Every structure is written in C-alpha cells, then in structure tokens.
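Q: Input structure: target-v7.pdb, which contains PDB, C-alpha atoms.
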ATOM      1  CA  MET Q 237       5.675 -84.320 -46.952  1.00  0.00           C
ATOM      2  CA  ASN Q 238       3.209 -83.180 -44.300  1.00  0.00           C
ATOM      3  CA  THR Q 239       4.597 -83.475 -40.775  1.00  0.00           C
ATOM      4  CA  GLY Q 240       1.192 -82.841 -39.217  1.00  0.00           C
ATOM      5  CA  THR Q 241       2.274 -79.565 -37.651  1.00  0.00           C
ATOM      6  CA  SER Q 242       0.808 -76.271 -38.701  1.00  0.00           C
ATOM      7  CA  PRO Q 243       2.821 -73.083 -38.982  1.00  0.00           C
ATOM      8  CA  PRO Q 244       2.863 -70.848 -35.904  1.00  0.00           C
ATOM      9  CA  PRO Q 245       0.223 -68.123 -35.776  1.00  0.00           C
ATOM     10  CA  SER Q 246       1.329 -64.896 -37.464  1.00  0.00           C
ATOM     11  CA  ARG Q 247       1.540 -61.578 -35.618  1.00  0.00           C
ATOM     12  CA  SER Q 248      -1.630 -60.423 -37.336  1.00  0.00           C
ATOM     13  CA  ALA Q 249      -3.428 -63.650 -36.318  1.00  0.00           C
ATOM     14  CA  LEU Q 250      -2.345 -63.079 -32.702  1.00  0.00           C
ATOM     15  CA  ARG Q 251      -3.491 -59.444 -32.762  1.00  0.00           C
ATOM     16  CA  LYS Q 252      -6.815 -60.552 -34.233  1.00  0.00           C
ATOM     17  CA  ALA Q 253      -7.210 -63.304 -31.607  1.00  0.00           C
ATOM     18  CA  GLY Q 254      -6.648 -60.789 -28.796  1.00  0.00           C
ATOM     19  CA  SER Q 255      -9.157 -58.419 -30.361  1.00  0.00           C
ATOM     20  CA  ILE Q 256     -11.766 -61.172 -30.720  1.00  0.00           C
ATOM     21  CA  MET Q 257     -11.309 -62.226 -27.073  1.00  0.00           C
ATOM     22  CA  ARG Q 258     -11.969 -58.635 -25.951  1.00  0.00           C
ATOM     23  CA  LYS Q 259     -14.976 -58.319 -28.284  1.00  0.00           C
ATOM     24  CA  TYR Q 260     -16.405 -61.585 -26.979  1.00  0.00           C
ATOM     25  CA  MET Q 261     -16.120 -60.364 -23.386  1.00  0.00           C
ATOM     26  CA  ARG Q 262     -18.094 -57.241 -24.420  1.00  0.00           C
ATOM     27  CA  GLY Q 263     -20.719 -59.358 -26.187  1.00  0.00           C
ATOM     28  CA  GLU Q 264     -19.571 -58.258 -29.648  1.00  0.00           C
ATOM     29  CA  ALA Q 265     -18.247 -61.582 -31.021  1.00  0.00           C
ATOM     30  CA  THR Q 266     -19.728 -65.051 -31.360  1.00  0.00           C
ATOM     31  CA  LEU Q 267     -18.778 -68.086 -29.333  1.00  0.00           C
ATOM     32  CA  ALA Q 268     -17.358 -69.683 -32.490  1.00  0.00           C
ATOM     33  CA  GLU Q 269     -15.111 -66.653 -33.064  1.00  0.00           C
ATOM     34  CA  PHE Q 270     -13.995 -66.762 -29.423  1.00  0.00           C
ATOM     35  CA  GLN Q 271     -13.220 -70.478 -29.671  1.00  0.00           C
ATOM     36  CA  GLY Q 272     -11.126 -69.831 -32.785  1.00  0.00           C
ATOM     37  CA  ALA Q 273      -9.229 -67.097 -30.912  1.00  0.00           C
ATOM     38  CA  ILE Q 274      -8.626 -69.511 -28.026  1.00  0.00           C
ATOM     39  CA  ARG Q 275      -7.224 -72.124 -30.445  1.00  0.00           C
ATOM     40  CA  THR Q 276      -4.858 -69.480 -31.851  1.00  0.00           C
ATOM     41  CA  MET Q 277      -3.791 -68.562 -28.303  1.00  0.00           C
ATOM     42  CA  GLN Q 278      -3.226 -72.226 -27.432  1.00  0.00           C
ATOM     43  CA  ALA Q 279      -1.112 -72.786 -30.558  1.00  0.00           C
ATOM     44  CA  HIS Q 280       1.012 -69.736 -29.720  1.00  0.00           C
ATOM     45  CA  ARG Q 281       1.313 -70.649 -26.026  1.00  0.00           C
ATOM     46  CA  SER Q 282       2.516 -74.181 -26.823  1.00  0.00           C
ATOM     47  CA  ARG Q 283       5.461 -72.760 -28.811  1.00  0.00           C
ATOM     48  CA  PHE Q 284       7.064 -71.616 -25.531  1.00  0.00           C
ATOM     49  CA  ASN Q 285       7.646 -75.101 -24.090  1.00  0.00           C
ATOM     50  CA  ARG Q 286      10.932 -75.990 -25.797  1.00  0.00           C
ATOM     51  CA  PRO Q 287      12.541 -72.525 -25.495  1.00  0.00           C
ATOM     52  CA  MET Q 288      11.698 -72.498 -21.764  1.00  0.00           C
ATOM     53  CA  VAL Q 289      13.374 -75.858 -21.235  1.00  0.00           C
ATOM     54  CA  ASP Q 290      16.441 -74.617 -23.135  1.00  0.00           C
ATOM     55  CA  LEU Q 291      16.642 -71.406 -21.075  1.00  0.00           C
ATOM     56  CA  ASN Q 292      16.125 -73.357 -17.850  1.00  0.00           C
ATOM     57  CA  THR Q 293      19.131 -75.518 -18.736  1.00  0.00           C
ATOM     58  CA  GLU Q 294      21.231 -72.437 -19.539  1.00  0.00           C
ATOM     59  CA  LEU Q 295      20.262 -70.705 -16.284  1.00  0.00           C
ATOM     60  CA  ARG Q 296      21.146 -73.788 -14.217  1.00  0.00           C
ATOM     61  CA  SER Q 297      24.463 -74.050 -16.034  1.00  0.00           C
ATOM     62  CA  LEU Q 298      25.253 -70.388 -15.380  1.00  0.00           C
ATOM     63  CA  ALA Q 299      24.449 -70.789 -11.673  1.00  0.00           C
ATOM     64  CA  SER Q 300      26.723 -73.819 -11.518  1.00  0.00           C
ATOM     65  CA  GLN Q 301      29.567 -71.992 -13.275  1.00  0.00           C
ATOM     66  CA  LEU Q 302      29.220 -69.126 -10.777  1.00  0.00           C
ATOM     67  CA  SER Q 303      29.045 -71.594  -7.837  1.00  0.00           C
ATOM     68  CA  ILE Q 304      25.693 -70.104  -6.855  1.00  0.00           C
ATOM     69  CA  GLU Q 305      23.019 -72.277  -5.288  1.00  0.00           C
ATOM     70  CA  ALA Q 306      19.936 -71.347  -7.316  1.00  0.00           C
ATOM     71  CA  SER Q 307      16.393 -72.593  -7.583  1.00  0.00           C
ATOM     72  CA  VAL Q 308      15.349 -72.365 -11.250  1.00  0.00           C
ATOM     73  CA  THR Q 309      11.700 -72.896 -12.146  1.00  0.00           C
ATOM     74  CA  GLN Q 310       9.598 -72.293 -15.216  1.00  0.00           C
ATOM     75  CA  ARG Q 311       5.949 -71.851 -16.039  1.00  0.00           C
ATOM     76  CA  LEU Q 312       3.620 -71.197 -18.920  1.00  0.00           C
ATOM     77  CA  LYS Q 313       1.081 -68.492 -18.192  1.00  0.00           C
ATOM     78  CA  ARG Q 314      -2.278 -70.198 -17.726  1.00  0.00           C
ATOM     79  CA  GLU Q 315      -4.774 -69.769 -20.558  1.00  0.00           C
ATOM     80  CA  ALA Q 316      -7.347 -68.117 -18.287  1.00  0.00           C
ATOM     81  CA  THR Q 317      -4.701 -65.659 -17.080  1.00  0.00           C
ATOM     82  CA  ILE Q 318      -3.785 -64.737 -20.664  1.00  0.00           C
ATOM     83  CA  VAL Q 319      -7.437 -64.027 -21.443  1.00  0.00           C
ATOM     84  CA  GLU Q 320      -7.868 -62.052 -18.202  1.00  0.00           C
ATOM     85  CA  LYS Q 321      -4.741 -59.987 -18.901  1.00  0.00           C
ATOM     86  CA  LEU Q 322      -5.817 -59.196 -22.469  1.00  0.00           C
ATOM     87  CA  CYS Q 323      -9.440 -58.452 -21.629  1.00  0.00           C
ATOM     88  CA  ILE Q 324      -9.392 -56.915 -18.142  1.00  0.00           C
ATOM     89  CA  ARG Q 325      -5.984 -55.915 -16.769  1.00  0.00           C
ATOM     90  CA  GLU Q 326      -4.431 -54.623 -19.996  1.00  0.00           C
ATOM     91  CA  PRO Q 327      -7.162 -54.322 -22.650  1.00  0.00           C
ATOM     92  CA  GLY Q 328      -4.882 -52.249 -24.888  1.00  0.00           C
ATOM     93  CA  LEU Q 329      -2.158 -54.912 -24.963  1.00  0.00           C
ATOM     94  CA  ASP Q 330      -1.346 -56.329 -28.389  1.00  0.00           C
ATOM     95  CA  PHE Q 331      -1.350 -60.121 -27.861  1.00  0.00           C
ATOM     96  CA  SER Q 332       1.552 -60.535 -30.285  1.00  0.00           C
ATOM     97  CA  ARG Q 333       3.670 -58.391 -27.933  1.00  0.00           C
ATOM     98  CA  MET Q 334       2.854 -60.156 -24.645  1.00  0.00           C
ATOM     99  CA  GLN Q 335       6.264 -60.915 -23.115  1.00  0.00           C
ATOM    100  CA  ASP Q 336       5.414 -63.119 -20.156  1.00  0.00           C
ATOM    101  CA  ILE Q 337       3.653 -66.136 -21.653  1.00  0.00           C
ATOM    102  CA  GLY Q 338       6.743 -68.189 -20.902  1.00  0.00           C
ATOM    103  CA  GLY Q 339       8.451 -67.339 -17.650  1.00  0.00           C
ATOM    104  CA  LEU Q 340      11.365 -68.549 -15.595  1.00  0.00           C
ATOM    105  CA  ARG Q 341      12.352 -67.681 -12.045  1.00  0.00           C
ATOM    106  CA  VAL Q 342      15.793 -67.854 -10.510  1.00  0.00           C
ATOM    107  CA  VAL Q 343      15.959 -67.557  -6.724  1.00  0.00           C
ATOM    108  CA  VAL Q 344      19.357 -67.239  -5.038  1.00  0.00           C
ATOM    109  CA  ASP Q 345      20.276 -66.931  -1.373  1.00  0.00           C
ATOM    110  CA  SER Q 346      21.601 -63.393  -1.098  1.00  0.00           C
ATOM    111  CA  LEU Q 347      21.518 -59.975  -2.676  1.00  0.00           C
ATOM    112  CA  ALA Q 348      25.232 -60.279  -3.505  1.00  0.00           C
ATOM    113  CA  GLU Q 349      24.552 -63.511  -5.432  1.00  0.00           C
ATOM    114  CA  LEU Q 350      21.591 -61.888  -7.170  1.00  0.00           C
ATOM    115  CA  ILE Q 351      23.772 -59.036  -8.398  1.00  0.00           C
ATOM    116  CA  ARG Q 352      26.523 -61.449  -9.503  1.00  0.00           C
ATOM    117  CA  PHE Q 353      24.038 -63.645 -11.338  1.00  0.00           C
ATOM    118  CA  ASP Q 354      22.333 -60.660 -13.009  1.00  0.00           C
ATOM    119  CA  THR Q 355      25.688 -59.218 -14.135  1.00  0.00           C
ATOM    120  CA  ALA Q 356      26.837 -62.541 -15.590  1.00  0.00           C
ATOM    121  CA  LEU Q 357      23.483 -63.096 -17.289  1.00  0.00           C
ATOM    122  CA  CYS Q 358      23.532 -59.634 -18.862  1.00  0.00           C
ATOM    123  CA  ASP Q 359      27.124 -60.123 -20.041  1.00  0.00           C
ATOM    124  CA  ARG Q 360      26.426 -63.569 -21.487  1.00  0.00           C
ATOM    125  CA  TRP Q 361      23.071 -62.741 -23.093  1.00  0.00           C
ATOM    126  CA  SER Q 362      23.650 -59.103 -24.105  1.00  0.00           C
ATOM    127  CA  ASP Q 363      22.586 -59.848 -27.689  1.00  0.00           C
ATOM    128  CA  ARG Q 364      19.394 -61.661 -26.565  1.00  0.00           C
ATOM    129  CA  ILE Q 365      18.064 -59.223 -23.965  1.00  0.00           C
ATOM    130  CA  VAL Q 366      14.989 -57.366 -25.173  1.00  0.00           C
ATOM    131  CA  ASP Q 367      14.136 -55.550 -21.932  1.00  0.00           C
ATOM    132  CA  ARG Q 368      15.384 -55.380 -18.346  1.00  0.00           C
ATOM    133  CA  ARG Q 369      13.624 -53.900 -15.321  1.00  0.00           C
ATOM    134  CA  ASP Q 370      15.329 -53.590 -11.951  1.00  0.00           C
ATOM    135  CA  TYR Q 371      12.752 -53.586  -9.166  1.00  0.00           C
ATOM    136  CA  VAL Q 372      15.462 -54.325  -6.602  1.00  0.00           C
ATOM    137  CA  SER Q 373      17.209 -50.975  -6.994  1.00  0.00           C
ATOM    138  CA  HIS Q 374      13.864 -49.291  -7.674  1.00  0.00           C
ATOM    139  CA  PRO Q 375      11.147 -51.278  -5.836  1.00  0.00           C
ATOM    140  CA  ARG Q 376       7.513 -50.969  -6.859  1.00  0.00           C
ATOM    141  CA  GLU Q 377       5.221 -49.061  -4.516  1.00  0.00           C
ATOM    142  CA  SER Q 378       3.897 -52.413  -3.302  1.00  0.00           C
ATOM    143  CA  GLY Q 379       7.398 -53.296  -2.069  1.00  0.00           C
ATOM    144  CA  TYR Q 380       7.906 -55.885  -4.809  1.00  0.00           C
ATOM    145  CA  ARG Q 381      11.599 -56.473  -5.553  1.00  0.00           C
ATOM    146  CA  ALA Q 382      13.029 -58.541  -8.384  1.00  0.00           C
ATOM    147  CA  ILE Q 383      14.878 -58.082 -11.634  1.00  0.00           C
ATOM    148  CA  HIS Q 384      12.952 -58.931 -14.797  1.00  0.00           C
ATOM    149  CA  VAL Q 385      14.933 -59.745 -17.921  1.00  0.00           C
ATOM    150  CA  VAL Q 386      13.032 -60.364 -21.159  1.00  0.00           C
ATOM    151  CA  VAL Q 387      15.068 -62.620 -23.428  1.00  0.00           C
ATOM    152  CA  SER Q 388      14.602 -63.535 -27.073  1.00  0.00           C
ATOM    153  CA  GLU Q 389      14.827 -67.297 -27.549  1.00  0.00           C
ATOM    154  CA  SER Q 390      13.832 -69.064 -30.773  1.00  0.00           C
ATOM    155  CA  GLY Q 391      12.051 -65.920 -31.937  1.00  0.00           C
ATOM    156  CA  LEU Q 392       9.929 -65.716 -28.771  1.00  0.00           C
ATOM    157  CA  HIS Q 393      10.157 -63.412 -25.773  1.00  0.00           C
ATOM    158  CA  LEU Q 394      10.455 -65.103 -22.391  1.00  0.00           C
ATOM    159  CA  GLU Q 395      10.614 -63.348 -19.052  1.00  0.00           C
ATOM    160  CA  VAL Q 396      13.272 -64.342 -16.531  1.00  0.00           C
ATOM    161  CA  GLN Q 397      12.612 -63.153 -12.985  1.00  0.00           C
ATOM    162  CA  LEU Q 398      15.692 -62.924 -10.786  1.00  0.00           C
ATOM    163  CA  ARG Q 399      15.298 -62.606  -7.037  1.00  0.00           C
ATOM    164  CA  SER Q 400      16.976 -63.499  -3.803  1.00  0.00           C
ATOM    165  CA  ARG Q 401      15.402 -64.992  -0.747  1.00  0.00           C
ATOM    166  CA  CYS Q 402      16.106 -61.608   0.859  1.00  0.00           C
ATOM    167  CA  THR Q 403      14.158 -59.701  -1.779  1.00  0.00           C
ATOM    168  CA  SER Q 404      11.407 -62.327  -1.686  1.00  0.00           C
ATOM    169  CA  SER Q 405      10.828 -62.145   2.050  1.00  0.00           C
ATOM    170  CA  GLY Q 406      11.751 -58.527   2.660  1.00  0.00           C
ATOM    171  CA  GLY Q 407      13.834 -59.715   5.601  1.00  0.00           C
ATOM    172  CA  CYS Q 408      17.077 -58.309   4.241  1.00  0.00           C
ATOM    173  CA  ASP Q 409      15.969 -54.740   3.531  1.00  0.00           C
ATOM    174  CA  ARG Q 410      19.008 -53.315   5.279  1.00  0.00           C
ATOM    175  CA  ASP Q 411      21.164 -55.008   2.589  1.00  0.00           C
ATOM    176  CA  LEU Q 412      19.263 -53.225  -0.185  1.00  0.00           C
ATOM    177  CA  ARG Q 413      20.190 -49.687   0.834  1.00  0.00           C
TER     178      ARG Q 413
END
Show me the file's structure as structure tokens.
A:
Amino acid sequence: MNTGTSPPPSRSALRKAGSIMRKYMRGEATLAEFQGAIRTMQAHRSRFNRPMVDLNTELRSLASQLSIEASVTQRLKREATIVEKLCIREPGLDFSRMQDIGGLRVVVDSLAELIRFDTALCDRWSDRIVDRRDYVSHPRESGYRAIHVVVSESGLHLEVQLRSRCTSSGGCDRDLR
C-alpha cells in the first residue's frame, strides 16, 4: 500500500544536492539540476519538524523538573540560509553532515541555572549527544557565549543552544570568571 510519502533522501543524494547547489552558483549546473537539488534539500529539511517538537517537549519537561524558568524555542534553518551556508560560508561542508538544520534554544535567567541545566541535560542525554561546544567557558573572539549541544533524535542531528540572559546580554561578565 502506498502511503504517498517518499523515502528520505540518502546521504549520497544529500551530498550530491549540496554539490549541485555549489556548481549552480558557479555557473556549472543547469537550473533544472539546481531545482532538483532544492527539492532534495526541502525533503530533508522537512524531516526535522517532528524531532524538534519532541525535543522541545523534553527540554521544557527537564526545565520544569529542575524548577528552572526557561524559554524554549525552536526553528528550522531557512532554505536560503542552507544554500548560503553550503555555497558561500562553508563551501567544503558535506550537506549530509550539516548539524544545525533543526535548532532549539533554551534561555535561562542565570549562569548558575545554565550550568545546572547543561549538567542535567548531559547526564540525561549522554547516549544521544553527538557533539558539545562550550562557548561560555571559552567564549569566541566575538564575545559570543553559549553552550551548543548536538543531539541525535530520530536519526537526525539537531543543535540545542543553551544560554542565560547573562551570557546573552554580556551584563553578567563578572559571574563568568
């Protein structure tokens, strides 16, 4: 019985789509090829909706269990931003390995709550964490401070950004030393 849904794009189809997008931007692929690559990207991007909702629910539940007031939001990376990232910002990036198509953000009030939330998240999801980068302890040169945790959910990688209002505004720098 046909359910009307097609299988998700394979890794090789995603790599090929990224390559075609770059070639098109250099004038080396046809519009039809580019449009096919965009359809592949759209099919892949749409797969992140349900896992993001599930993670959002889990993050809200964790905050509640920890008695932490948290703002939890989610977003799908815009199609134009995916193309720009693949073709301009990171032209060597393998599209099948892009880890921030689906993203969630958790904002808490204080650095202490951020650390508590991060610790609990890492304990609870230790088997699902693919990567973790701590830009609070080691800020970027730009001053950016947050913790990024890449989580595997339903076979996809989603990025969870953890930050406090202090790290967002820079107004609590004395607490970060």
Q: Please list as a list of chain:residue names every residue within 10 Å of Ser248 of chain Q, counting all atoms listed in the file and excluding residues in the same chain fewer than 3 positions away.
A: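 Within the cut-off, the hits are Q:Pro245, Q:Arg251, Q:Lys252, Q:Ala253, Q:Gly254, Q:Asp330, Q:Phe331, Q:Ser332.
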Q: At most 12 Å from (25.1, -63.0, -19.2), file frame, all atoms listed in the file: which residues, as a list in words?
A: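 Protein, DNA and RNA residues close to (25.1, -63.0, -19.2): Glu294, Leu295, Ser297, Leu298, Ala299, Gln301, Leu302, Ile351, Arg352, Phe353, Asp354, Thr355, Ala356, Leu357, Cys358, Asp359, Arg360, Trp361, Ser362, Asp363, Arg364, Ile365, Val385 and Val387 of chain Q.
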Q: Would you write out, as a PyMOL selection string, every residue that the PyMOL selection byres ((chain Q and resi 372) around 8) captures in this file?
A: chain Q and resi 370-371+373-375+380-383+403+412
Q: Find the residues around Ala279 of chain Q up to 12 Å (only C-alpha atoms counted), leave out those fewer than 6 positions away in its own chain, and share them as a PyMOL selection string.
A: chain Q and resi 241-246+249-250+253+272-273+285+315
Q: Pick the closest to Glu349 of chain Q from Q:Arg258, Q:Arg247, Q:Arg286, Q:Arg401: which is it, counting only C-alpha atoms?
A: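 Result for the nearest residue to Glu349 of chain Q: Q:Arg401.
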Q: Quick one, how far is atom CA of Lys313 of chain Q from atom CA of Gly338 of chain Q?
A: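 Result for atom CA of Lys313 of chain Q versus atom CA of Gly338 of chain Q: 6.3 Å, one decimal.
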Q: In Å to one decimal, how far is atom CA of Ser400 of chain Q from atom CA of Leu350 of chain Q?
A: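 About the pair atom CA of Leu350 of chain Q and atom CA of Ser400 of chain Q: they are 5.9 Å apart.
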Q: For the atom pair atom CA of Ser346 of chain Q and atom CA of Ser307 of chain Q, what is the interatomic distance in Å to one decimal place?
A: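 Answer for the atom CA of Ser346 of chain Q to atom CA of Ser307 of chain Q separation: 12.4 Å.
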Q: Determine the nearest neighbour of Val366 of chain Q from the options Q:Gln335, Q:Tyr260, Q:Ser390, Q:Val342, counting only C-alpha atoms.
A: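 Closest to Val366 of chain Q of all the choices is Q:Gln335.
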Q: My list of candidates is Q:Leu398, Q:Glu389, Q:Thr266, Q:Arg314. Which is closest to Ser282 of chain Q when distances are computed with only C-alpha atoms?
A: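 Nearest candidate to Ser282 of chain Q out of Q:Leu398, Q:Glu389, Q:Thr266, Q:Arg314: Q:Arg314.
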Q: Could you write segment 308-319 of chain Q as a CSV table (one decimal), keeping the file's coordinate frame, with all heavy atoms rebuilt where they are missing?
A:
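out06.csv was written with the following content:
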chain,number,residue,atom,x,y,z
Q,308,VAL,N,15.8,-72.8,-9.9
Q,308,VAL,CA,15.3,-72.4,-11.2
Q,308,VAL,C,14.1,-73.1,-11.6
Q,308,VAL,O,14.0,-74.3,-11.6
Q,308,VAL,CB,16.4,-72.6,-12.3
Q,308,VAL,CG1,15.9,-72.1,-13.7
Q,308,VAL,CG2,17.7,-72.0,-12.0
Q,309,THR,N,13.0,-72.3,-11.8
Q,309,THR,CA,11.7,-72.9,-12.1
Q,309,THR,C,11.2,-72.2,-13.4
Q,309,THR,O,11.7,-71.2,-13.8
Q,309,THR,CB,10.7,-72.7,-11.0
Q,309,THR,OG1,10.5,-71.3,-10.7
Q,309,THR,CG2,11.1,-73.5,-9.8
Q,310,GLN,N,10.2,-72.9,-14.0
Q,310,GLN,CA,9.6,-72.3,-15.2
Q,310,GLN,C,8.1,-72.5,-15.2
Q,310,GLN,O,7.6,-73.4,-14.5
Q,310,GLN,CB,10.2,-72.9,-16.5
Q,310,GLN,CG,9.9,-74.4,-16.6
Q,310,GLN,CD,10.6,-75.1,-17.7
Q,310,GLN,OE1,11.8,-74.9,-17.8
Q,310,GLN,NE2,9.9,-75.8,-18.5
Q,311,ARG,N,7.4,-71.7,-15.9
Q,311,ARG,CA,5.9,-71.9,-16.0
Q,311,ARG,C,5.4,-71.2,-17.3
Q,311,ARG,O,6.0,-70.2,-17.8
Q,311,ARG,CB,5.2,-71.3,-14.8
Q,311,ARG,CG,5.3,-69.7,-14.7
Q,311,ARG,CD,4.1,-69.0,-15.2
Q,311,ARG,NE,4.3,-67.5,-15.2
Q,311,ARG,CZ,4.5,-66.8,-16.3
Q,311,ARG,NH1,4.5,-67.3,-17.5
Q,311,ARG,NH2,4.6,-65.5,-16.2
Q,312,LEU,N,4.4,-71.8,-17.8
Q,312,LEU,CA,3.6,-71.2,-18.9
Q,312,LEU,C,2.5,-70.5,-18.3
Q,312,LEU,O,1.8,-71.0,-17.4
Q,312,LEU,CB,3.0,-72.3,-19.9
Q,312,LEU,CG,3.9,-72.8,-21.0
Q,312,LEU,CD1,3.2,-73.9,-21.7
Q,312,LEU,CD2,4.2,-71.6,-22.0
Q,313,LYS,N,2.2,-69.2,-18.7
Q,313,LYS,CA,1.1,-68.5,-18.2
Q,313,LYS,C,-0.2,-69.3,-18.5
Q,313,LYS,O,-0.4,-69.8,-19.6
Q,313,LYS,CB,1.0,-67.1,-18.8
Q,313,LYS,CG,0.0,-66.2,-18.2
Q,313,LYS,CD,0.0,-64.8,-18.8
Q,313,LYS,CE,1.1,-64.0,-18.2
Q,313,LYS,NZ,0.9,-63.6,-16.8
Q,314,ARG,N,-1.0,-69.4,-17.5
Q,314,ARG,CA,-2.3,-70.2,-17.7
Q,314,ARG,C,-3.2,-69.5,-18.8
Q,314,ARG,O,-3.2,-68.3,-18.9
Q,314,ARG,CB,-3.0,-70.3,-16.4
Q,314,ARG,CG,-2.3,-71.2,-15.4
Q,314,ARG,CD,-3.1,-71.3,-14.1
Q,314,ARG,NE,-3.7,-70.0,-13.7
Q,314,ARG,CZ,-4.8,-69.8,-13.1
Q,314,ARG,NH1,-5.6,-70.9,-12.8
Q,314,ARG,NH2,-5.3,-68.6,-12.8
Q,315,GLU,N,-3.9,-70.3,-19.5
Q,315,GLU,CA,-4.8,-69.8,-20.6
Q,315,GLU,C,-5.7,-68.7,-20.0
Q,315,GLU,O,-5.9,-67.7,-20.6
Q,315,GLU,CB,-5.5,-70.9,-21.3
Q,315,GLU,CG,-4.6,-71.8,-22.1
Q,315,GLU,CD,-5.3,-73.0,-22.7
Q,315,GLU,OE1,-6.6,-73.0,-22.7
Q,315,GLU,OE2,-4.6,-73.9,-23.1
Q,316,ALA,N,-6.4,-69.1,-18.9
Q,316,ALA,CA,-7.3,-68.1,-18.3
Q,316,ALA,C,-6.7,-66.8,-17.9
Q,316,ALA,O,-7.3,-65.7,-18.0
Q,316,ALA,CB,-8.0,-68.8,-17.1
Q,317,THR,N,-5.4,-66.9,-17.5
Q,317,THR,CA,-4.7,-65.7,-17.1
Q,317,THR,C,-4.4,-64.8,-18.3
Q,317,THR,O,-4.4,-63.6,-18.3
Q,317,THR,CB,-3.4,-66.0,-16.3
Q,317,THR,OG1,-3.8,-66.8,-15.2
Q,317,THR,CG2,-2.7,-64.8,-15.8
Q,318,ILE,N,-4.0,-65.5,-19.4
Q,318,ILE,CA,-3.8,-64.7,-20.7
Q,318,ILE,C,-5.0,-64.0,-21.1
Q,318,ILE,O,-5.0,-62.8,-21.4
Q,318,ILE,CB,-3.3,-65.7,-21.8
Q,318,ILE,CG1,-1.9,-66.3,-21.5
Q,318,ILE,CG2,-3.3,-65.0,-23.1
Q,318,ILE,CD1,-1.5,-67.4,-22.4
Q,319,VAL,N,-6.2,-64.7,-21.1
Q,319,VAL,CA,-7.4,-64.0,-21.4
Q,319,VAL,C,-7.8,-62.9,-20.5
Q,319,VAL,O,-8.1,-61.8,-20.9
Q,319,VAL,CB,-8.6,-65.1,-21.5
Q,319,VAL,CG1,-9.9,-64.4,-21.7
Q,319,VAL,CG2,-8.3,-66.1,-22.5
